[in-house]
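Enquirer: Okay, so here is entry13.csv, and as you'll see once you scroll down, it has CSV, C-alpha atoms.
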chain,number,residue,atom,x,y,z
A,1,MET,CA,0.0,0.0,0.0
A,2,SER,CA,1.3,3.4,-0.9
A,3,SER,CA,1.8,6.0,1.8
A,4,ILE,CA,-0.7,8.8,2.4
A,5,PRO,CA,0.2,12.0,0.6
A,6,ALA,CA,1.2,14.7,3.0
A,7,ARG,CA,-1.5,17.1,1.8
A,8,TYR,CA,-4.1,14.8,3.1
A,9,LEU,CA,-3.0,15.3,6.7
A,10,ILE,CA,-5.4,18.2,7.1
A,11,CYS,CA,-8.0,17.4,9.7
A,12,ILE,CA,-9.2,18.1,13.2
A,13,ALA,CA,-8.1,16.3,16.3
A,14,LEU,CA,-10.7,15.9,19.1
A,15,CYS,CA,-8.3,17.1,21.7
A,16,ALA,CA,-4.7,16.8,22.9
A,17,CYS,CA,-5.4,13.8,25.1
A,18,THR,CA,-6.9,12.0,22.1
A,19,VAL,CA,-3.8,12.6,20.0
A,20,ALA,CA,-1.6,11.4,22.9
A,21,CYS,CA,-3.7,8.3,23.3
A,22,LEU,CA,-3.2,7.3,19.7
A,23,PHE,CA,0.5,6.8,20.4
A,24,THR,CA,-0.3,4.3,23.2
A,25,ALA,CA,-1.4,0.9,22.1
A,26,GLY,CA,-4.6,-0.4,23.6
A,27,CYS,CA,-5.7,2.8,25.2
A,28,SER,CA,-9.5,3.3,25.5
A,29,ASN,CA,-12.0,6.1,25.5
A,30,PRO,CA,-14.1,6.3,28.6
A,31,SER,CA,-17.2,7.0,26.4
A,32,GLY,CA,-16.8,3.7,24.7
A,33,GLN,CA,-16.1,5.3,21.3
A,34,PRO,CA,-12.7,4.8,19.6
A,35,GLU,CA,-10.2,7.5,19.7
A,36,ILE,CA,-10.1,9.8,16.7
A,37,GLY,CA,-6.8,11.4,15.8
A,38,SER,CA,-5.2,13.4,13.0
A,39,ASP,CA,-2.2,11.4,11.9
A,40,LEU,CA,-3.4,9.0,9.3
A,41,SER,CA,-2.1,5.6,10.2
A,42,GLY,CA,-3.1,2.0,10.2
A,43,ASP,CA,-3.3,-0.7,7.5
A,44,LEU,CA,-7.0,-0.2,6.8
A,45,VAL,CA,-7.6,3.0,4.9
A,46,VAL,CA,-11.0,4.0,3.6
A,47,HIS,CA,-11.4,6.8,1.1
A,48,PHE,CA,-14.8,8.4,0.6
A,49,ILE,CA,-14.0,10.0,-2.8
A,50,ASP,CA,-15.6,13.3,-3.7
A,51,VAL,CA,-17.5,12.5,-6.9
A,52,GLY,CA,-20.1,15.3,-6.5
A,53,GLN,CA,-23.7,14.0,-6.1
A,54,GLY,CA,-22.9,10.3,-5.9
A,55,ASP,CA,-21.0,7.6,-4.1
A,56,SER,CA,-17.5,6.2,-4.5
A,57,ILE,CA,-15.4,4.5,-1.8
A,58,LEU,CA,-12.0,3.0,-2.1
A,59,ILE,CA,-10.9,0.5,0.6
A,60,GLU,CA,-7.2,-0.3,0.9
A,61,PHE,CA,-6.1,-3.1,3.2
A,62,ARG,CA,-2.4,-4.0,3.0
A,63,ASP,CA,-2.0,-5.2,-0.6
A,64,LYS,CA,-5.7,-5.6,-1.3
A,65,THR,CA,-8.2,-3.1,-2.7
A,66,MET,CA,-11.9,-2.9,-3.0
A,67,LEU,CA,-14.0,-0.2,-4.7
A,68,ILE,CA,-17.6,0.5,-3.8
A,69,ASP,CA,-19.4,2.4,-6.7
A,70,ALA,CA,-17.8,5.1,-8.9
A,71,GLY,CA,-20.2,8.0,-9.0
A,72,GLU,CA,-22.2,9.4,-11.9
A,73,ARG,CA,-21.5,9.1,-15.6
A,74,GLY,CA,-18.5,11.2,-16.3
A,75,MET,CA,-17.0,10.6,-12.9
A,76,GLY,CA,-15.1,7.5,-13.9
A,77,GLU,CA,-12.0,9.5,-15.0
A,78,ARG,CA,-12.0,11.3,-11.6
A,79,VAL,CA,-12.0,8.0,-9.8
A,80,ILE,CA,-9.3,6.6,-12.1
A,81,ALA,CA,-7.1,9.6,-11.4
A,82,TYR,CA,-7.6,9.1,-7.7
A,83,LEU,CA,-6.7,5.4,-7.9
A,84,GLU,CA,-3.6,6.3,-10.0
A,85,GLU,CA,-2.5,8.8,-7.3
A,86,ARG,CA,-2.8,6.0,-4.8
A,87,ASN,CA,-0.7,3.7,-7.0
A,88,VAL,CA,-3.5,1.2,-7.3
A,89,GLU,CA,-2.7,-1.4,-10.0
A,90,LYS,CA,-5.7,-3.7,-9.6
A,91,LEU,CA,-9.1,-4.0,-7.9
A,92,ASP,CA,-9.6,-7.2,-6.1
A,93,VAL,CA,-13.3,-6.5,-5.6
A,94,VAL,CA,-15.7,-4.0,-7.1
A,95,VAL,CA,-19.1,-3.5,-5.5
A,96,ALA,CA,-22.1,-2.1,-7.4
A,97,THR,CA,-24.4,-1.2,-4.6
A,98,HIS,CA,-27.4,-0.7,-6.9
A,99,ALA,CA,-28.1,0.3,-10.5
A,100,HIS,CA,-28.7,4.1,-10.1
A,101,SER,CA,-26.3,6.0,-12.3
A,102,ASP,CA,-25.0,8.2,-9.5
A,103,HIS,CA,-23.5,5.0,-8.1
A,104,ILE,CA,-22.6,2.9,-11.1
A,105,GLY,CA,-22.3,5.5,-13.8
A,106,GLY,CA,-18.5,5.7,-13.6
A,107,LEU,CA,-17.9,1.9,-13.1
A,108,ALA,CA,-17.6,1.0,-16.7
A,109,ASP,CA,-14.6,3.4,-17.2
A,110,VAL,CA,-12.9,2.1,-14.0
A,111,ILE,CA,-13.4,-1.6,-14.9
A,112,SER,CA,-12.1,-0.9,-18.4
A,113,ALA,CA,-8.9,0.7,-16.8
A,114,TYR,CA,-8.1,-1.9,-14.2
A,115,PRO,CA,-7.9,-5.7,-13.7
A,116,VAL,CA,-10.9,-6.7,-11.5
A,117,GLY,CA,-11.0,-9.9,-9.4
A,118,ARG,CA,-14.7,-9.9,-8.8
A,119,LEU,CA,-17.9,-7.8,-9.2
A,120,VAL,CA,-20.4,-7.9,-6.4
A,121,ASP,CA,-23.8,-6.6,-7.6
A,122,ALA,CA,-27.2,-6.0,-6.0
A,123,ALA,CA,-28.5,-7.9,-9.0
A,124,GLN,CA,-31.9,-6.2,-9.0
A,125,PRO,CA,-33.5,-5.7,-12.4
A,126,HIS,CA,-33.1,-2.2,-13.8
A,127,PRO,CA,-33.9,-1.5,-17.4
A,128,THR,CA,-31.3,1.2,-18.2
A,129,ALA,CA,-28.5,1.3,-20.7
A,130,THR,CA,-26.0,2.3,-18.0
A,131,TYR,CA,-26.7,-0.9,-16.0
A,132,GLU,CA,-27.1,-3.2,-19.0
A,133,ASN,CA,-23.8,-1.9,-20.5
A,134,LEU,CA,-22.0,-2.5,-17.2
A,135,LEU,CA,-23.2,-6.1,-17.0
A,136,ALA,CA,-22.2,-6.7,-20.7
A,137,LEU,CA,-18.7,-5.3,-20.0
A,138,VAL,CA,-18.3,-7.5,-16.9
A,139,GLU,CA,-19.3,-10.5,-19.0
A,140,ASP,CA,-17.1,-9.5,-22.0
A,141,LYS,CA,-14.0,-9.2,-19.6
A,142,GLY,CA,-14.8,-12.5,-17.9
A,143,ILE,CA,-14.9,-10.9,-14.5
A,144,PRO,CA,-16.4,-13.3,-11.9
A,145,TYR,CA,-19.8,-12.1,-10.8
A,146,THR,CA,-21.6,-12.5,-7.4
A,147,ALA,CA,-25.2,-11.5,-6.8
A,148,ALA,CA,-25.2,-10.1,-3.3
A,149,GLU,CA,-27.4,-11.6,-0.6
A,150,ARG,CA,-27.7,-11.2,3.1
A,151,GLY,CA,-25.5,-13.6,5.0
A,152,GLN,CA,-22.7,-13.7,2.4
A,153,THR,CA,-19.2,-12.6,3.1
A,154,ILE,CA,-16.6,-10.9,0.8
A,155,ALA,CA,-13.2,-12.6,1.2
A,156,LEU,CA,-10.8,-9.7,0.7
A,157,ASP,CA,-8.3,-10.7,3.4
A,158,PRO,CA,-8.4,-13.2,6.3
A,159,ASP,CA,-7.9,-10.4,8.9
A,160,LEU,CA,-10.8,-8.4,7.5
A,161,GLU,CA,-14.5,-9.4,7.9
A,162,ILE,CA,-16.9,-8.1,5.3
A,163,LEU,CA,-20.5,-9.1,5.8
A,164,ILE,CA,-23.3,-8.5,3.3
A,165,LEU,CA,-26.3,-7.2,5.3
A,166,ASN,CA,-28.6,-6.4,2.4
A,167,PRO,CA,-30.4,-7.2,0.1
A,168,THR,CA,-32.5,-10.0,1.4
A,169,PRO,CA,-33.3,-13.2,-0.5
A,170,GLN,CA,-36.8,-11.8,-1.0
A,171,PRO,CA,-36.2,-8.3,-2.3
A,172,LEU,CA,-38.2,-5.4,-0.8
A,173,GLY,CA,-39.2,-4.3,-4.3
A,174,ASP,CA,-37.4,-0.9,-4.4
A,175,ILE,CA,-34.0,-0.5,-6.0
A,176,ASN,CA,-32.7,1.7,-3.1
A,177,GLU,CA,-34.0,-0.6,-0.4
A,178,ASP,CA,-32.5,-3.6,-2.2
A,179,CYS,CA,-29.1,-2.0,-2.5
A,180,VAL,CA,-25.9,-3.7,-1.1
A,181,VAL,CA,-25.2,-2.8,2.5
A,182,LEU,CA,-21.8,-4.0,3.9
A,183,LYS,CA,-20.4,-4.1,7.4
A,184,MET,CA,-16.6,-4.3,7.5
A,185,THR,CA,-14.7,-5.1,10.7
A,186,TYR,CA,-11.0,-5.0,11.5
A,187,GLY,CA,-10.0,-5.6,15.1
A,188,GLU,CA,-12.2,-3.5,17.3
A,189,ILE,CA,-13.3,-1.1,14.5
A,190,ALA,CA,-16.3,-1.5,12.2
A,191,TYR,CA,-17.4,0.4,9.1
A,192,LEU,CA,-21.0,0.4,7.8
A,193,PHE,CA,-21.6,1.2,4.1
A,194,THR,CA,-25.3,1.7,3.5
A,195,GLY,CA,-25.5,2.7,-0.2
A,196,ASP,CA,-28.9,4.3,-0.7
A,197,ALA,CA,-30.7,2.2,1.9
A,198,GLY,CA,-33.7,4.0,3.4
A,199,THR,CA,-36.0,3.3,6.4
A,200,PRO,CA,-37.5,0.0,5.0
A,201,ALA,CA,-34.1,-1.6,4.5
A,202,GLU,CA,-32.9,-0.2,7.9
A,203,GLU,CA,-36.0,-1.8,9.6
A,204,SER,CA,-35.4,-5.1,7.7
A,205,MET,CA,-31.9,-5.3,9.0
A,206,ALA,CA,-33.0,-4.5,12.5
A,207,VAL,CA,-35.8,-7.0,12.6
A,208,ALA,CA,-33.4,-9.7,11.3
A,209,GLY,CA,-31.4,-9.1,14.5
A,210,LEU,CA,-28.2,-8.0,12.6
A,211,ASP,CA,-25.4,-6.3,14.5
A,212,LEU,CA,-25.5,-2.8,13.1
A,213,ASN,CA,-23.1,-1.2,15.6
A,214,ALA,CA,-20.3,0.6,13.8
A,215,ASP,CA,-17.7,3.2,14.4
A,216,VAL,CA,-17.8,4.7,10.9
A,217,LEU,CA,-21.1,5.2,9.0
A,218,LYS,CA,-21.4,6.0,5.3
A,219,VAL,CA,-24.7,7.8,5.6
A,220,GLY,CA,-27.5,6.2,3.6
A,221,HIS,CA,-29.0,7.9,0.5
A,222,HIS,CA,-26.9,11.0,0.7
A,223,ALA,CA,-28.7,11.9,4.0
A,224,SER,CA,-32.1,12.1,2.6
A,225,ARG,CA,-35.0,12.5,5.0
A,226,GLU,CA,-36.2,8.9,4.1
A,227,ALA,CA,-33.0,7.4,5.5
A,228,SER,CA,-31.0,7.4,8.8
A,229,SER,CA,-34.0,6.9,11.1
A,230,ALA,CA,-33.4,7.7,14.8
A,231,GLU,CA,-33.8,4.0,15.6
A,232,PHE,CA,-31.3,2.9,13.0
A,233,LEU,CA,-28.7,5.5,14.2
A,234,SER,CA,-29.2,4.4,17.8
A,235,ALA,CA,-28.3,0.9,16.7
A,236,VAL,CA,-25.3,2.0,14.8
A,237,SER,CA,-24.0,4.6,17.3
A,238,PRO,CA,-21.3,6.0,14.9
A,239,ALA,CA,-18.3,7.9,16.0
A,240,ILE,CA,-17.9,9.3,12.5
A,241,SER,CA,-20.5,9.8,9.8
A,242,VAL,CA,-19.7,10.5,6.2
A,243,ILE,CA,-22.2,12.0,3.8
A,244,GLU,CA,-21.4,11.7,0.1
A,245,VAL,CA,-23.2,14.5,-1.5
A,246,GLY,CA,-22.8,17.2,-4.2
A,247,GLU,CA,-22.8,20.9,-3.4
A,248,GLY,CA,-26.0,22.6,-4.4
A,249,ASN,CA,-27.6,19.4,-5.7
A,250,SER,CA,-31.2,19.5,-7.0
A,251,TYR,CA,-32.4,17.0,-4.5
A,252,GLY,CA,-31.9,19.1,-1.4
A,253,HIS,CA,-29.4,16.6,0.1
A,254,PRO,CA,-28.5,16.5,2.9
A,255,HIS,CA,-31.9,17.1,4.4
A,256,GLU,CA,-32.0,19.0,7.7
A,257,GLU,CA,-34.0,16.3,9.4
A,258,ALA,CA,-31.4,13.6,8.6
A,259,VAL,CA,-28.5,15.9,9.7
A,260,ALA,CA,-30.3,16.7,12.9
A,261,ARG,CA,-30.7,13.0,13.7
A,262,LEU,CA,-27.0,12.4,13.0
A,263,GLU,CA,-26.0,15.3,15.2
A,264,ALA,CA,-28.2,13.9,18.0
A,265,THR,CA,-26.0,10.8,18.2
A,266,GLY,CA,-22.9,12.9,18.9
A,267,SER,CA,-21.2,11.6,15.8
A,268,ARG,CA,-18.6,13.7,14.0
A,269,ILE,CA,-20.1,14.5,10.6
A,270,TYR,CA,-18.1,14.9,7.4
A,271,ARG,CA,-19.6,15.9,4.0
A,272,THR,CA,-17.9,15.6,0.7
A,273,ASP,CA,-19.6,18.8,-0.6
A,274,LEU,CA,-17.9,20.7,2.3
A,275,ASP,CA,-14.8,18.6,3.1
A,276,GLY,CA,-13.9,17.1,-0.2
A,277,THR,CA,-12.6,13.5,-0.1
A,278,VAL,CA,-12.7,12.1,3.4
A,279,ILE,CA,-10.2,9.4,4.5
A,280,VAL,CA,-10.7,7.3,7.6
A,281,ALA,CA,-7.9,5.0,8.6
A,282,THR,CA,-7.5,2.5,11.4
A,283,ASP,CA,-5.1,0.1,13.0
A,284,GLY,CA,-8.0,-1.9,14.4
A,285,THR,CA,-8.1,0.0,17.7
A,286,ALA,CA,-8.2,3.8,16.9
A,287,LEU,CA,-9.4,5.9,14.1
A,288,THR,CA,-7.6,8.7,12.3
A,289,VAL,CA,-9.3,11.2,9.8
A,290,ALA,CA,-8.2,13.5,7.1
A,291,ALA,CA,-10.4,15.6,4.8
A,292,GLY,CA,-10.2,18.4,2.3
A,293,GLY,CA,-7.3,17.1,0.2
A,294,ALA,CA,-9.0,15.5,-2.8
A,295,PRO,CA,-6.5,15.2,-5.7
A,296,ALA,CA,-7.0,17.3,-8.8
A,297,ALA,CA,-8.5,15.3,-11.6
A,298,THR,CA,-10.0,16.2,-15.0
A,299,VAL,CA,-13.7,15.2,-15.3
A,300,THR,CA,-15.1,14.2,-18.7
A,301,ALA,CA,-17.7,16.1,-20.5
A,302,GLY,CA,-16.3,19.5,-19.6
A,303,ALA,CA,-16.2,19.2,-15.8
A,304,THR,CA,-13.4,20.7,-13.7
A,305,THR,CA,-11.3,19.4,-10.9
A,306,ALA,CA,-12.1,17.1,-8.0
A,307,ALA,CA,-12.9,20.1,-5.8
A,308,ALA,CA,-15.6,21.2,-8.3
A,309,THR,CA,-19.2,20.1,-8.0
A,310,ALA,CA,-20.7,17.8,-10.5
A,311,THR,CA,-24.3,18.2,-11.5
A,312,PRO,CA,-26.1,14.9,-12.3
A,313,THR,CA,-26.4,14.6,-16.1
A,314,ALA,CA,-29.2,13.2,-18.1
A,315,THR,CA,-28.9,10.3,-20.6
A,316,THR,CA,-31.2,10.6,-23.5
A,317,THR,CA,-31.6,9.5,-27.0
A,318,PRO,CA,-30.1,12.3,-29.1
A,319,ALA,CA,-32.5,15.1,-30.2
A,320,PRO,CA,-33.5,14.0,-33.7
A,321,VAL,CA,-33.8,16.2,-36.7
A,322,SER,CA,-37.3,14.7,-37.2
A,323,GLY,CA,-39.8,12.8,-35.1
A,324,VAL,CA,-41.0,13.0,-31.6
A,325,TYR,CA,-38.7,12.7,-28.6
A,326,ILE,CA,-38.4,13.4,-24.9
A,327,ALA,CA,-37.0,16.9,-24.5
A,328,GLY,CA,-37.0,17.2,-20.7
A,329,LEU,CA,-37.7,15.4,-17.4
A,330,ASP,CA,-38.0,17.2,-14.0
A,331,LEU,CA,-38.0,14.7,-11.2
A,332,GLN,CA,-38.9,17.2,-8.5
A,333,GLU,CA,-41.5,19.3,-10.3
A,334,GLU,CA,-42.9,16.1,-11.7
A,335,TRP,CA,-43.2,16.8,-15.4
A,336,ILE,CA,-41.9,15.5,-18.7
A,337,ALA,CA,-41.6,17.5,-21.9
A,338,VAL,CA,-42.2,15.9,-25.3
A,339,ALA,CA,-41.1,17.7,-28.5
A,340,ASN,CA,-42.0,17.3,-32.2
A,341,ALA,CA,-39.0,17.9,-34.5
A,342,ASP,CA,-41.1,17.0,-37.6
A,343,GLU,CA,-42.2,19.5,-40.2
A,344,THR,CA,-45.7,18.0,-39.9
A,345,GLY,CA,-48.0,17.4,-36.9
A,346,VAL,CA,-47.9,14.0,-35.2
A,347,ASN,CA,-51.0,12.3,-33.7
A,348,LEU,CA,-50.0,11.2,-30.2
A,349,THR,CA,-53.3,9.5,-29.4
A,350,GLY,CA,-52.7,6.2,-27.6
A,351,TRP,CA,-48.9,6.9,-27.1
A,352,THR,CA,-47.6,6.2,-23.6
A,353,ILE,CA,-45.1,7.5,-21.1
A,354,THR,CA,-43.8,5.0,-18.5
A,355,ASP,CA,-41.4,5.4,-15.6
A,356,GLU,CA,-38.6,3.0,-14.5
A,357,GLY,CA,-39.8,-0.6,-14.6
A,358,THR,CA,-43.1,0.5,-16.1
A,359,ARG,CA,-44.6,0.9,-12.6
A,360,ASN,CA,-46.7,3.9,-13.9
A,361,THR,CA,-48.1,4.5,-17.3
A,362,TYR,CA,-49.6,7.6,-18.8
A,363,THR,CA,-51.6,7.2,-22.0
A,364,PHE,CA,-52.1,10.2,-24.3
A,365,PRO,CA,-55.7,11.2,-24.9
A,366,VAL,CA,-56.8,12.4,-28.3
A,367,PHE,CA,-54.0,14.8,-29.0
A,368,ALA,CA,-51.9,16.1,-31.9
A,369,LEU,CA,-48.5,17.7,-31.5
A,370,ASP,CA,-47.9,20.5,-34.0
A,371,PRO,CA,-44.6,20.7,-35.9
A,372,GLY,CA,-41.8,22.2,-33.8
A,373,ALA,CA,-44.1,22.3,-30.8
A,374,ASN,CA,-43.7,20.9,-27.2
A,375,VAL,CA,-46.2,19.5,-24.8
A,376,THR,CA,-45.5,19.1,-21.0
A,377,VAL,CA,-47.1,16.2,-19.2
A,378,HIS,CA,-47.5,16.9,-15.5
A,379,SER,CA,-48.0,14.1,-13.0
A,380,GLY,CA,-50.6,16.0,-10.9
A,381,ALA,CA,-54.1,17.2,-11.6
A,382,GLY,CA,-55.1,20.1,-14.0
A,383,ASN,CA,-57.0,21.0,-17.1
A,384,ASP,CA,-55.5,19.8,-20.4
A,385,THR,CA,-54.4,22.5,-22.9
A,386,ALA,CA,-52.5,22.5,-26.2
A,387,THR,CA,-49.2,22.9,-24.3
A,388,ASP,CA,-49.9,21.1,-21.0
A,389,LEU,CA,-51.4,17.7,-20.2
A,390,TYR,CA,-52.1,16.3,-16.8
A,391,TRP,CA,-51.7,12.8,-15.5
A,392,GLY,CA,-54.1,13.4,-12.6
A,393,ARG,CA,-52.2,11.4,-10.0
A,394,GLY,CA,-52.4,12.1,-6.3
A,395,SER,CA,-48.9,10.8,-5.6
A,396,ALA,CA,-45.5,11.3,-7.1
A,397,VAL,CA,-44.4,9.3,-10.2
A,398,TRP,CA,-40.8,10.2,-10.7
A,399,ASN,CA,-38.2,9.0,-8.2
A,400,ASN,CA,-36.1,11.9,-7.1
A,401,ASP,CA,-33.0,9.7,-6.7
A,402,GLY,CA,-33.0,8.9,-10.4
A,403,ASP,CA,-35.6,7.5,-12.9
A,404,LEU,CA,-36.1,6.4,-16.5
A,405,ALA,CA,-38.8,7.9,-18.7
A,406,THR,CA,-39.8,6.0,-21.8
A,407,LEU,CA,-42.0,7.3,-24.7
A,408,ALA,CA,-43.6,4.7,-26.9
A,409,ASP,CA,-46.0,5.1,-29.8
A,410,ALA,CA,-49.5,3.6,-30.1
A,411,ASN,CA,-48.0,0.3,-31.2
A,412,GLY,CA,-45.8,0.0,-28.2
A,413,THR,CA,-42.5,0.8,-30.1
A,414,VAL,CA,-40.1,2.8,-27.9
A,415,VAL,CA,-39.5,6.2,-29.6
A,416,SER,CA,-37.3,7.9,-27.0
A,417,THR,CA,-35.9,7.6,-23.5
A,418,MET,CA,-34.4,9.9,-20.9
A,419,GLU,CA,-32.7,8.9,-17.6
A,420,ARG,CA,-32.0,11.3,-14.8
Spell out the structure here as structure tokens.

Expert:
Amino acid sequence: MSSIPARYLICIALCACTVACLFTAGCSNPSGQPEIGSDLSGDLVVHFIDVGQGDSILIEFRDKTMLIDAGERGMGERVIAYLEERNVEKLDVVVATHAHSDHIGGLADVISAYPVGRLVDAAQPHPTATYENLLALVEDKGIPYTAAERGQTIALDPDLEILILNPTPQPLGDINEDCVVLKMTYGEIAYLFTGDAGTPAEESMAVAGLDLNADVLKVGHHASREASSAEFLSAVSPAISVIEVGEGNSYGHPHEEAVARLEATGSRIYRTDLDGTVIVATDGTALTVAAGGAPAATVTAGATTAAATATPTATTTPAPVSGVYIAGLDLQEEWIAVANADETGVNLTGWTITDEGTRNTYTFPVFALDPGANVTVHSGAGNDTATDLYWGRGSAVWNNDGDLATLADANGTVVSTMER
């Protein structure tokens, strides 16, 4: 394992006695929490990489490496640059916590750049090109594949215990709640990596009687209000909590309610939008932390350095010179825009719009879209006009964490898609 660059040694010590204690093997904290110091040391080093609004975590243990997720599409190069600075030559294990693009979008680039010993995947169906292309790449490269399931272990090193706590053999039915959750233990120190797990997954793990206690928590779902319940945090009792989140993101993460619940535990909170890449190392008895020193790296598609914020991008079929296509999708305001690039009007009667997994379907009424015109389909109630149509639903359709919109003609042929 390469040494920690000097510029990472920028962090905050709890107090002088804490630092002194770190130099004394076997010392303990009267509160029961591990000591937290400022000099990065120990043979287990966990890097919560700043990839904007997304997750990416590098785990180094002696000569072994494991990568959990790689951020949004376009963040693969940033992750690769970080791995290069760490002198990583191979990845023994890669974990795809779930198929949302802010977690797996950059994995294809990383897997193409490094030898990979095994891919561990949530293995939940997700009809997006990002996920399907990743699986195709894994198959083409002959990378051994494991479908994660509660009770399994990941054999990275005999001295490191990595347990899969989620998903269950009977999925909960939501891609976030069925994401991979890992508990990693080295000596007296435990890390809990929760992906985008929310309250249902938290409750499932608690009801199963799993040991959730951990010293370091990767906060679930970017600290959304639907995750990190008070009951769950009480069971975890983290000394350090890391929120992977992008500055000024459109989802409002981290939500105040979630941060307040974390603060109530007394945990020290780090955020990649404020602190950059966060590194938490341990020798199995004490923890050391560094933050704010993410390496400079060029991001594809015109992004800037690792200190910059990445805005989630949309994947869409290219805007055609003719025909009808999806021109916009707003997950929070709950609307989808459909445009007609033809020089003649198009009868949309009987056409459909479906969300991810076709859980919800909107069928166009008798409606014609004029040449060069747009129509906005709103999820809520309202009166249809020539420019605005209303689904009339009382509940949200689009998943704010990421969703796929599909436009199909009256014969069921897919005409256009957009993923956010």

Enquirer: Have a look at CA of Glu161 (chain A) and CA of His47 (chain A) and let me know their distance in Å, one decimal.

Expert: 17.8 Å

Enquirer: From the list A:Glu132, A:Glu263, A:Ala286, A:Ala122, which residue is nearest Tyr186 (chain A) when using all atoms listed in the file?

Expert: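 With all atoms listed in the file as the atom set, the closest residue is A:Ala286.
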
Enquirer: Which residue, A:Glu333, A:Asp275, A:Glu149, A:Glu419, has the smallest gap to Ile49 (chain A) when you use only C-alpha atoms?

Expert: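 With only C-alpha atoms as the atom set, the closest residue is A:Asp275.
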
Enquirer: I'd like to know which of A:Ala148, A:Val324, A:Leu331, A:Ala197 is closest to Gln170 (chain A), using all atoms listed in the file.

Expert: A:Ala148

Enquirer: Near Ala99 (chain A), within 10 Å and counting all atoms listed in the file, which residues show up once chain neighbours fewer than 4 positions away are dropped, as a list in words?

Expert: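 So the residues in contact are Asp69, His103, Ile104, Gly105, Asp121, Ala122, Ala123, Gln124, Pro125, His126, Pro127, Thr128, Thr130, Tyr131, Glu132, Leu134, Ile175, Asn176, Cys179 and Gly402 of chain A.
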
Enquirer: What does the distance between CA of Val259 (chain A) and CA of His222 (chain A) come to in Å, to one decimal place?

Expert: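 If I compute the distance from CA of Val259 (chain A) to CA of His222 (chain A), I get 10.4 Å.
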
Enquirer: So that I can see what lies close to region 337-340 of chain A, please list as a PyMOL selection string the residues with an atom at most 7 Å from it, counting all atoms listed in the file and leaving out residues fewer than 5 positions away in the same chain.

Expert: chain A and resi 323-329+369-377

Enquirer: Store the residues picked out above in a file with C-alpha atoms, as a PDB file, in the frame of the given file.

Expert:
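Once written, result-v2.pdb looks like this:
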ATOM      1  CA  GLY A 323     -39.800  12.800 -35.100  1.00  0.00           C
ATOM      2  CA  VAL A 324     -41.000  13.000 -31.600  1.00  0.00           C
ATOM      3  CA  TYR A 325     -38.700  12.700 -28.600  1.00  0.00           C
ATOM      4  CA  ILE A 326     -38.400  13.400 -24.900  1.00  0.00           C
ATOM      5  CA  ALA A 327     -37.000  16.900 -24.500  1.00  0.00           C
ATOM      6  CA  GLY A 328     -37.000  17.200 -20.700  1.00  0.00           C
ATOM      7  CA  LEU A 329     -37.700  15.400 -17.400  1.00  0.00           C
ATOM      8  CA  LEU A 369     -48.500  17.700 -31.500  1.00  0.00           C
ATOM      9  CA  ASP A 370     -47.900  20.500 -34.000  1.00  0.00           C
ATOM     10  CA  PRO A 371     -44.600  20.700 -35.900  1.00  0.00           C
ATOM     11  CA  GLY A 372     -41.800  22.200 -33.800  1.00  0.00           C
ATOM     12  CA  ALA A 373     -44.100  22.300 -30.800  1.00  0.00           C
ATOM     13  CA  ASN A 374     -43.700  20.900 -27.200  1.00  0.00           C
ATOM     14  CA  VAL A 375     -46.200  19.500 -24.800  1.00  0.00           C
ATOM     15  CA  THR A 376     -45.500  19.100 -21.000  1.00  0.00           C
ATOM     16  CA  VAL A 377     -47.100  16.200 -19.200  1.00  0.00           C
TER      17      VAL A 377
END

Enquirer: So that I can see what lies close to region 394-397 of chain A, please list as a ChimeraX atom specification the residues with an atom at most 7 Å from it, counting all atoms listed in the file and leaving out residues fewer than 5 positions away in the same chain.

Expert: /A:360,379-380

Enquirer: To one decimal place, how far is CA of Thr344 (chain A) from CA of Leu389 (chain A) in Å?

Expert: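 Spanning CA of Thr344 (chain A) to CA of Leu389 (chain A) is a straight-line distance of 20.5 Å.
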
Enquirer: From the set A:Lys183, A:Leu212, A:Ser101, A:Thr153, which residue has the shortest atom-to-atom contact distance to Ala129 (chain A), counting all atoms listed in the file?

Expert: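 When distances to Ala129 (chain A) are compared using all atoms listed in the file, the smallest one comes from A:Ser101.
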
Enquirer: Which residues are close to Glu356 (chain A), i.e. within 7 Å by all atoms listed in the file, leaving aside same-chain residues fewer than 4 positions away? Reply as number ranges by chain.

Expert: A: 403-405

Enquirer: Give as a PyMOL selection string each residue that has an atom at most 9 Å from (-11.9, -8.0, 13.5) in the file, counting all atoms listed in the file.

Expert: chain A and resi 159-161+184-190+284

Enquirer: Do a neighbour search on Ile164 (chain A) at 6 Å with all atoms listed in the file, toss out local chain neighbours closer than 3 positions, and write the hits as a list of chain:residue names.

Expert: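 So, after excluding close chain neighbours, the residues are A:Arg150, A:Gly151, A:Gln152, A:Thr153, A:Leu182.
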
Enquirer: When you count only C-alpha atoms, which of these residues is closest to Leu156 (chain A): A:Phe61, A:Phe48, A:Trp398, A:Tyr390?

Expert: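 For Leu156 (chain A), the nearest of the candidates is A:Phe61.
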
Enquirer: Is it possible to get the residues within 6 Å of (-11.5, 4.3, -6.4) (coordinates as in the file, counting all atoms listed in the file) written as a ChimeraX atom specification?

Expert: /A:58,67,79,83

Enquirer: Restricting the output to C-alpha atoms, write the selected residues as an mmCIF file, keeping the file's coordinate frame.

Expert:
data_model
loop_
_atom_site.group_PDB
_atom_site.id
_atom_site.type_symbol
_atom_site.label_atom_id
_atom_site.label_comp_id
_atom_site.auth_asym_id
_atom_site.auth_seq_id
_atom_site.Cartn_x
_atom_site.Cartn_y
_atom_site.Cartn_z
ATOM 1 C CA LEU A 58 -12.000 3.000 -2.100
ATOM 2 C CA LEU A 67 -14.000 -0.200 -4.700
ATOM 3 C CA VAL A 79 -12.000 8.000 -9.800
ATOM 4 C CA LEU A 83 -6.700 5.400 -7.900
#
